[in-house]
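Q: Enclosed is the structure file input_13.txt (compact mmCIF, C-alpha atoms).
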# COMPACT_ATOMS: atom_id res chain seq x y z
CA MET A 1 -7.15 -32.33 -6.90
CA GLY A 2 -9.22 -32.90 -9.96
CA ILE A 3 -8.31 -34.70 -13.15
CA PHE A 4 -8.17 -31.51 -15.24
CA ASP A 5 -5.82 -29.87 -12.78
CA ARG A 6 -3.49 -32.85 -12.99
CA ILE A 7 -3.52 -32.77 -16.83
CA ARG A 8 -2.87 -29.00 -16.85
CA MET A 9 0.05 -29.37 -14.44
CA LYS A 10 1.58 -32.23 -16.44
CA THR A 11 1.21 -30.27 -19.71
CA THR A 12 2.71 -27.14 -18.18
CA GLY A 13 5.62 -29.12 -16.80
CA SER A 14 6.25 -30.81 -20.12
CA LEU A 15 6.26 -27.49 -21.94
CA LYS A 16 8.65 -25.99 -19.40
CA ARG A 17 11.01 -28.93 -19.84
CA PHE A 18 10.67 -28.73 -23.61
CA PHE A 19 11.54 -25.05 -23.86
CA ARG A 20 14.48 -25.45 -21.51
CA TRP A 21 16.38 -27.05 -24.39
CA PRO A 22 17.85 -24.27 -26.60
CA SER A 23 18.39 -26.54 -29.61
CA LEU A 24 14.68 -27.26 -29.82
CA ARG A 25 13.77 -23.59 -29.72
CA VAL A 26 16.24 -22.83 -32.47
CA GLY A 27 14.95 -25.75 -34.52
CA LEU A 28 11.37 -24.61 -34.21
CA LEU A 29 12.35 -21.08 -35.20
CA ILE A 30 14.16 -22.35 -38.26
CA ILE A 31 11.22 -24.53 -39.28
CA PHE A 32 8.88 -21.56 -38.88
CA LEU A 33 11.08 -19.35 -41.01
CA ILE A 34 11.36 -22.02 -43.70
CA ILE A 35 7.59 -22.36 -43.84
CA LEU A 36 7.19 -18.58 -43.95
CA PHE A 37 9.69 -18.06 -46.80
CA THR A 38 8.28 -21.02 -48.73
CA ALA A 39 4.77 -19.64 -48.54
CA ASN A 40 6.01 -16.20 -49.58
CA GLY A 41 7.87 -17.66 -52.57
CA VAL A 42 4.88 -19.66 -53.70
CA PHE A 43 2.68 -16.57 -53.43
CA TRP A 44 4.98 -14.38 -55.59
CA TYR A 45 5.53 -17.22 -58.06
CA LEU A 46 1.81 -17.59 -58.66
CA TYR A 47 1.36 -13.80 -58.78
CA TYR A 48 4.14 -13.34 -61.36
CA PHE A 49 2.95 -15.99 -63.82
CA SER A 50 -0.70 -14.99 -63.57
CA HIS A 51 0.14 -11.34 -64.37
CA LYS A 52 2.67 -12.35 -67.01
CA ASP A 53 -0.02 -13.98 -69.11
CA ILE A 54 -2.18 -10.87 -68.81
CA GLU A 55 0.67 -8.56 -69.90
CA GLU A 56 1.55 -10.83 -72.84
CA ASN A 57 -2.05 -10.75 -74.03
CA LYS A 58 -2.12 -6.96 -73.79
CA ALA A 59 1.17 -6.69 -75.68
CA GLU A 60 -0.17 -8.94 -78.45
CA GLU A 61 -3.29 -6.80 -78.75
CA ARG A 62 -1.21 -3.60 -78.98
CA GLN A 63 1.04 -5.19 -81.59
CA LYS A 64 -1.94 -6.25 -83.68
CA GLN A 65 -3.35 -2.74 -83.51
CA TRP A 66 -0.13 -1.23 -84.86
CA GLU A 67 0.93 -4.12 -87.08
CA ILE A 68 2.17 -3.05 -90.53
CA ASN A 69 1.59 -5.14 -93.59
CA LEU A 70 4.84 -4.98 -95.56
CA ASN A 71 3.12 -6.49 -98.62
CA GLU A 72 0.56 -3.71 -98.72
CA LYS A 73 0.58 -1.93 -102.05
CA PRO A 74 1.50 1.78 -101.99
CA LEU A 75 -1.24 4.29 -102.61
CA ASP A 76 -1.57 5.58 -106.12
CA GLU A 77 -1.46 9.37 -105.79
CA ALA A 78 -2.84 9.86 -109.30
CA LYS A 79 -5.90 7.73 -108.52
CA LEU A 80 -6.45 9.47 -105.19
CA LYS A 81 -6.30 12.89 -106.84
CA GLU A 82 -8.65 11.71 -109.56
CA GLU A 83 -11.06 10.23 -107.02
CA TYR A 84 -11.18 13.07 -104.49
CA SER A 85 -10.57 16.11 -106.68
CA LEU A 86 -13.29 17.86 -108.60
CA LYS A 87 -13.62 17.16 -112.29
CA PRO A 88 -13.22 20.06 -114.72
CA GLU A 89 -16.96 20.05 -115.38
CA GLU A 90 -17.73 20.19 -111.65
CA LYS A 91 -15.23 23.01 -111.15
CA LYS A 92 -16.84 24.98 -113.95
CA GLU A 93 -20.30 24.41 -112.45
CA ASN A 94 -19.09 25.55 -109.01
CA ILE A 95 -17.50 28.65 -110.51
CA LYS A 96 -20.72 29.45 -112.37
CA LYS A 97 -22.80 29.00 -109.22
CA GLU A 98 -20.50 31.22 -107.17
CA SER A 99 -20.46 33.93 -109.83
CA THR A 100 -24.27 33.77 -110.07
CA LEU A 101 -24.65 34.16 -106.30
CA VAL A 102 -22.27 37.11 -106.26
CA SER A 103 -24.11 38.81 -109.08
CA GLU A 104 -27.49 38.27 -107.45
CA LYS A 105 -26.36 39.66 -104.10
CA ALA A 106 -24.20 42.57 -105.11
CA GLY A 107 -24.88 43.31 -108.75
CA GLY A 108 -22.62 43.74 -111.71
CA ASN A 109 -20.30 46.29 -110.13
CA ILE A 110 -19.12 43.96 -107.37
CA ARG A 111 -18.62 41.17 -109.89
CA THR A 112 -16.41 43.43 -111.98
CA VAL A 113 -14.34 44.39 -108.94
CA ALA A 114 -14.00 40.73 -107.97
CA LYS A 115 -12.70 39.88 -111.45
CA GLN A 116 -10.19 42.73 -111.28
CA ASN A 117 -8.97 41.57 -107.86
CA SER A 118 -8.60 37.99 -109.08
CA ASN A 119 -6.63 39.19 -112.11
CA ILE A 120 -4.32 41.19 -109.84
CA LYS A 121 -3.78 38.16 -107.58
CA ASP A 122 -3.05 35.94 -110.59
CA SER A 123 -0.52 38.43 -111.95
CA LYS A 124 1.17 38.68 -108.55
CA GLN A 125 1.39 34.89 -108.30
CA GLU A 126 2.90 34.70 -111.78
CA ILE A 127 5.52 37.31 -110.87
CA VAL A 128 6.44 35.44 -107.68
CA GLU A 129 6.64 32.15 -109.59
CA VAL A 130 8.96 33.63 -112.21
CA LYS A 131 11.22 35.03 -109.51
CA GLU A 132 11.36 31.70 -107.70
CA THR A 133 12.04 29.59 -110.79
CA ALA A 134 14.64 32.01 -112.15
CA ASP A 135 16.73 32.06 -108.96
CA LEU A 136 19.92 30.13 -109.76
CA ASN A 137 20.67 29.81 -106.05
CA LEU A 138 17.76 27.34 -105.88
CA ILE A 139 19.03 25.19 -108.74
CA THR A 140 19.55 21.46 -108.15
CA LEU A 141 21.59 18.81 -109.93
CA PRO A 142 19.60 17.07 -112.66
CA VAL A 143 21.33 13.79 -111.79
CA THR A 144 23.48 12.69 -108.88
CA GLY A 145 27.01 11.71 -109.83
CA LYS A 146 30.64 12.69 -110.24
CA ILE A 147 31.58 15.50 -112.59
CA ILE A 148 33.93 13.88 -115.10
CA THR A 149 34.35 16.87 -117.44
CA GLU A 150 34.32 20.42 -116.11
CA PHE A 151 33.19 23.67 -117.70
CA SER A 152 35.81 25.26 -119.94
CA LYS A 153 35.43 28.59 -121.66
CA ASP A 154 38.90 30.15 -121.78
CA THR A 155 41.01 27.00 -121.49
CA LEU A 156 40.97 23.91 -123.69
CA ILE A 157 40.06 20.39 -122.58
CA TYR A 158 41.20 17.25 -124.37
CA SER A 159 38.41 15.24 -126.03
CA LYS A 160 38.97 11.48 -126.35
CA THR A 161 36.27 11.19 -128.99
CA LEU A 162 37.55 14.03 -131.20
CA ASN A 163 41.20 13.37 -130.31
CA GLN A 164 41.79 17.10 -129.98
CA TRP A 165 41.68 20.02 -127.53
CA CYS A 166 38.47 22.07 -127.40
CA VAL A 167 36.25 24.17 -125.12
CA HIS A 168 33.44 22.62 -123.09
CA LYS A 169 30.32 24.75 -122.57
CA GLY A 170 28.89 22.70 -119.72
CA ILE A 171 29.66 19.92 -117.30
CA ASP A 172 29.42 16.16 -117.75
CA ILE A 173 27.89 14.29 -114.78
CA ALA A 174 28.59 10.55 -114.73
CA ALA A 175 25.54 8.32 -114.26
CA ASP A 176 24.35 4.89 -115.37
CA LEU A 177 22.43 4.52 -118.60
CA GLY A 178 18.74 5.15 -118.01
CA THR A 179 19.23 7.19 -114.82
CA PRO A 180 16.30 9.66 -114.58
CA VAL A 181 17.20 13.23 -115.50
CA LYS A 182 15.25 15.91 -113.60
CA ALA A 183 14.58 19.56 -114.36
CA ALA A 184 17.02 21.71 -112.39
CA LEU A 185 14.43 24.51 -112.09
CA SER A 186 10.81 25.03 -113.05
CA GLY A 187 10.22 26.38 -116.53
CA THR A 188 8.95 25.74 -120.06
CA VAL A 189 10.44 23.37 -122.64
CA VAL A 190 11.41 25.62 -125.56
CA GLU A 191 13.58 23.32 -127.68
CA ILE A 192 13.95 19.60 -128.35
CA LYS A 193 16.62 18.11 -130.62
CA LYS A 194 16.43 14.44 -131.52
CA ASP A 195 19.77 14.13 -133.31
CA ASP A 196 21.99 17.09 -132.55
CA PRO A 197 25.36 16.54 -134.34
CA ILE A 198 27.27 17.37 -131.15
CA LEU A 199 25.11 16.40 -128.15
CA GLY A 200 22.61 13.90 -129.60
CA VAL A 201 19.17 14.12 -127.92
CA VAL A 202 18.87 17.59 -126.34
CA VAL A 203 16.19 19.32 -124.24
CA VAL A 204 16.29 23.06 -123.45
CA ILE A 205 14.15 24.62 -120.69
CA ASP A 206 13.49 28.36 -120.35
CA HIS A 207 13.19 29.51 -116.71
CA GLY A 208 12.54 33.20 -117.38
CA ASN A 209 14.80 36.20 -116.77
CA ASP A 210 17.00 35.08 -119.70
CA ILE A 211 18.00 31.87 -117.90
CA LYS A 212 17.94 28.51 -119.68
CA THR A 213 19.25 25.05 -118.93
CA LEU A 214 20.35 22.48 -121.52
CA TYR A 215 20.33 18.71 -121.06
CA GLY A 216 22.32 16.73 -123.65
CA ASN A 217 23.25 13.11 -124.36
CA LEU A 218 19.76 12.01 -123.31
CA MET A 219 18.41 8.56 -124.08
CA SER A 220 15.12 9.76 -125.57
CA ASP A 221 12.91 12.83 -126.05
CA LYS A 222 9.60 11.02 -125.43
CA LEU A 223 8.98 12.37 -121.90
CA VAL A 224 8.62 16.05 -122.84
CA GLN A 225 6.98 18.19 -125.49
CA LYS A 226 7.84 21.62 -126.77
CA GLY A 227 5.84 24.24 -124.88
CA LYS A 228 5.21 21.96 -121.91
CA LYS A 229 5.67 23.46 -118.44
CA VAL A 230 7.78 21.38 -116.09
CA LYS A 231 8.36 21.69 -112.37
CA LYS A 232 11.65 21.58 -110.54
CA GLY A 233 12.58 17.93 -109.97
CA GLU A 234 10.24 16.60 -112.68
CA ILE A 235 11.73 13.82 -114.83
CA ILE A 236 12.39 14.99 -118.40
CA GLY A 237 14.44 12.07 -119.73
CA GLY A 238 17.11 9.49 -118.99
CA VAL A 239 20.90 9.36 -119.30
CA GLY A 240 21.87 8.00 -122.70
CA ASN A 241 24.80 7.68 -125.08
CA THR A 242 23.58 9.69 -128.05
CA ALA A 243 26.17 12.54 -128.18
CA PRO A 244 28.51 11.95 -131.16
CA TYR A 245 31.18 14.33 -129.77
CA GLU A 246 31.23 12.54 -126.37
CA SER A 247 30.63 8.91 -127.37
CA GLU A 248 34.01 7.70 -126.02
CA ASP A 249 33.27 9.02 -122.53
CA PRO A 250 31.46 6.93 -119.87
CA PRO A 251 27.64 7.27 -119.66
CA HIS A 252 26.86 10.80 -118.47
CA LEU A 253 24.56 13.81 -118.72
CA HIS A 254 25.82 16.92 -120.47
CA PHE A 255 24.41 19.90 -118.54
CA GLU A 256 24.63 23.61 -119.42
CA ILE A 257 23.36 26.85 -117.88
CA ILE A 258 22.78 29.71 -120.30
CA LYS A 259 22.29 33.23 -118.93
CA ASN A 260 21.75 36.21 -121.23
CA ASN A 261 22.66 33.95 -124.19
CA GLU A 262 26.06 33.12 -122.65
CA ASN A 263 27.14 29.84 -121.09
CA ILE A 264 28.20 30.07 -117.44
CA ASP A 265 29.89 27.52 -115.20
CA PRO A 266 27.20 25.36 -113.51
CA GLN A 267 29.72 24.14 -110.95
CA GLN A 268 29.65 27.46 -109.10
CA PHE A 269 26.15 26.54 -107.89
CA PHE A 270 27.19 23.03 -106.86
CA LYS A 271 30.28 23.69 -104.78
CA ASN A 272 29.86 20.52 -102.69
CA VAL A 273 29.89 18.24 -105.74
I'd like the structure from this file rewritten - as C-alpha cells, please.
A:
Amino acid sequence: MGIFDRIRMKTTGSLKRFFRWPSLRVGLLIIFLIILFTANGVFWYLYYFSHKDIEENKAEERQKQWEINLNEKPLDEAKLKEEYSLKPEEKKENIKKESTLVSEKAGGNIRTVAKQNSNIKDSKQEIVEVKETADLNLITLPVTGKIITEFSKDTLIYSKTLNQWCVHKGIDIAADLGTPVKAALSGTVVEIKKDDPILGVVVVIDHGNDIKTLYGNLMSDKLVQKGKKVKKGEIIGGVGNTAPYESEDPPHLHFEIIKNNENIDPQQFFKNV
C-alpha cells in the first residue's frame, strides 16, 4: 500500500469520526450562518451609505434649483408696463403704418369701412362697460369693517355729535384712520368737496344709469380729480375724521348709494356684512 493511500485512508477516517459528533456539525453550521449574515449586513450597510450620499447630493441640487430668495424685491408693475409696452409715439407710428398699408392695398373705400367697423366696436364696448359698471349687484364694499350706523330714511337715529334724532342717508363703516377707501364700482368722479359742513371731505362717483356713490369723512381729496375715470377697487382716498356731524363717532367711512337722485340702503347689497 502506498503512502498516498495511507494518507487518504487516515484523512477519510478522521473526517468520519469528526462528523459523527452532532455538536460539531451544529457548531459549524452556526459559524457558517454567522459569517453569511455578517457578510450580508456589511454589504447592505456599505450599499445604503454610498447611495445615501448620492441621494443627498441630488436633493441639494433640486433644492438649489427651486430655492426662493425671500429678500428678493417684488417686481414693479409700472416699470414693467413702461418697459415692455409701446410708447404713445410708437403706437401712433404703428397705426399710421397699418392705415397706410390698408389704403395702398384696398383703396379708400375699404379704409372707410374699416373706420366704421372700429367705431361700431368701440360703441359696443362702451355700452357693455356702462352696463357692467352700473350693475349694483356687482358692487363691493369700499372698506372692510363693521357697520356702526345703518341707513335710515323713515326712522330716526340718535346722533351723539348733534345730540338729537335724525335720518341717516347712508351707512357708516368702522375702519382705522388712513385705511384705503376703494371705488365700489367703476365710474367717473363728478364731485369733490373739501369741507362739506356735514360730511367733511367728500367724493362722488357717477357710474352711469343714474347711479352714484358718495364717500364721506375722507382724510384727503388729493388722490382723485374731478372728471377722472376710476376703476372698481381703485383707491380714491383714506378713512379720516373730517365730518363735523359725525365727529364723536369712531373713525369710519360714510358711504351712500344714490339711484335716480334718491338715496337707497347700501346694506341690501351687502347682506353678509
Q: Applying 6 Å and only C-alpha atoms, which residues near segment 255-267 of chain A remain after dropping the ones on its own chain fewer than 2 positions away? List them as a PyMOL selection string.
A: chain A and resi 151+170-171+210-215+269-270
Q: Using only C-alpha atoms, pick whichever of A:Pro244, A:Lys232, A:Tyr45, A:Ala175 has the shortest atom-to-atom distance to Thr161 of chain A.
A: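 Going through A:Pro244, A:Lys232, A:Tyr45, A:Ala175 one by one, the smallest distance to Thr161 of chain A is for A:Pro244.
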Q: Could you work out how far atom CA of Ile198 of chain A lies from atom CA of Gln164 of chain A, giving the answer in Å with one decimal?
A: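 Spanning atom CA of Gln164 of chain A to atom CA of Ile198 of chain A is a straight-line distance of 14.6 Å.
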Q: Choose the residue, out of A:Leu253, A:Val143, A:Val181, A:Val190, that has the smallest atom-to-atom separation from Gly216 of chain A; count only C-alpha atoms.
A: A:Leu253
Q: Enclose the full set of atoms of segment 256-265 of chain A listed in the file within a box whose edges lie along x, y and z, apply 8 Å of padding to each of the six sides, and report centre and edge lengths in Å to one decimal as AutoDock Vina command-line options.
A:
--center_x 25.8 --center_y 29.9 --center_z -119.7 --size_x 24.1 --size_y 28.6 --size_z 25.0
Q: If we count all atoms listed in the file and set the cut-off at 8 Å, which residues sit around Val239 of chain A, ignoring sequence neighbours fewer than 5 positions away in its own chain? Please answer as a list of chain:residue names.
A: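 The residues that qualify are A:Ala175, A:Asp176, A:Leu177, A:Gly178, A:Thr179, A:Pro180, A:Val181, A:Asn217, A:Leu218, A:Met219, A:Pro251, A:His252, A:Leu253.
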Q: From the set A:Leu136, A:Ile54, A:Ile236, A:Ile3, which residue has the shortest atom-to-atom contact distance to Leu185 of chain A, counting all atoms listed in the file?
A: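 That would be A:Leu136, the residue with the smallest distance to Leu185 of chain A.
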Q: Pick from A:Ser220, A:His168, A:Leu141, A:Pro250: nearest to Glu234 of chain A, with only C-alpha atoms counted?
A: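 Going through A:Ser220, A:His168, A:Leu141, A:Pro250 one by one, the smallest distance to Glu234 of chain A is for A:Leu141.
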Q: Report, in Å to a single decimal, how far apart atom CA of Ile139 of chain A and atom CA of Asp249 of chain A are.
A: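 Calculated distance between atom CA of Asp249 of chain A and atom CA of Ile139 of chain A is 25.6 Å.
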Q: Between A:Ile31, A:Phe49, A:His254, A:Ser247, which one has atoms that come closest to Ser159 of chain A, using only C-alpha atoms?
A: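 Ranking A:Ile31, A:Phe49, A:His254, A:Ser247 by distance to Ser159 of chain A, first place goes to A:Ser247.
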Q: Separation of atom CA of Val201 of chain A and atom CA of Ala174 of chain A, in Å?
A: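 Taking atom CA of Val201 of chain A and atom CA of Ala174 of chain A, their separation equals 16.6 Å.
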Q: Could you check the closest approach to Ala183 of chain A for each of A:Gly41, A:Gly233, A:Gly238, A:Gly27 and tell me which residue wins, using all atoms listed in the file?
A: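 Closest to Ala183 of chain A, using all atoms listed in the file: A:Gly233.
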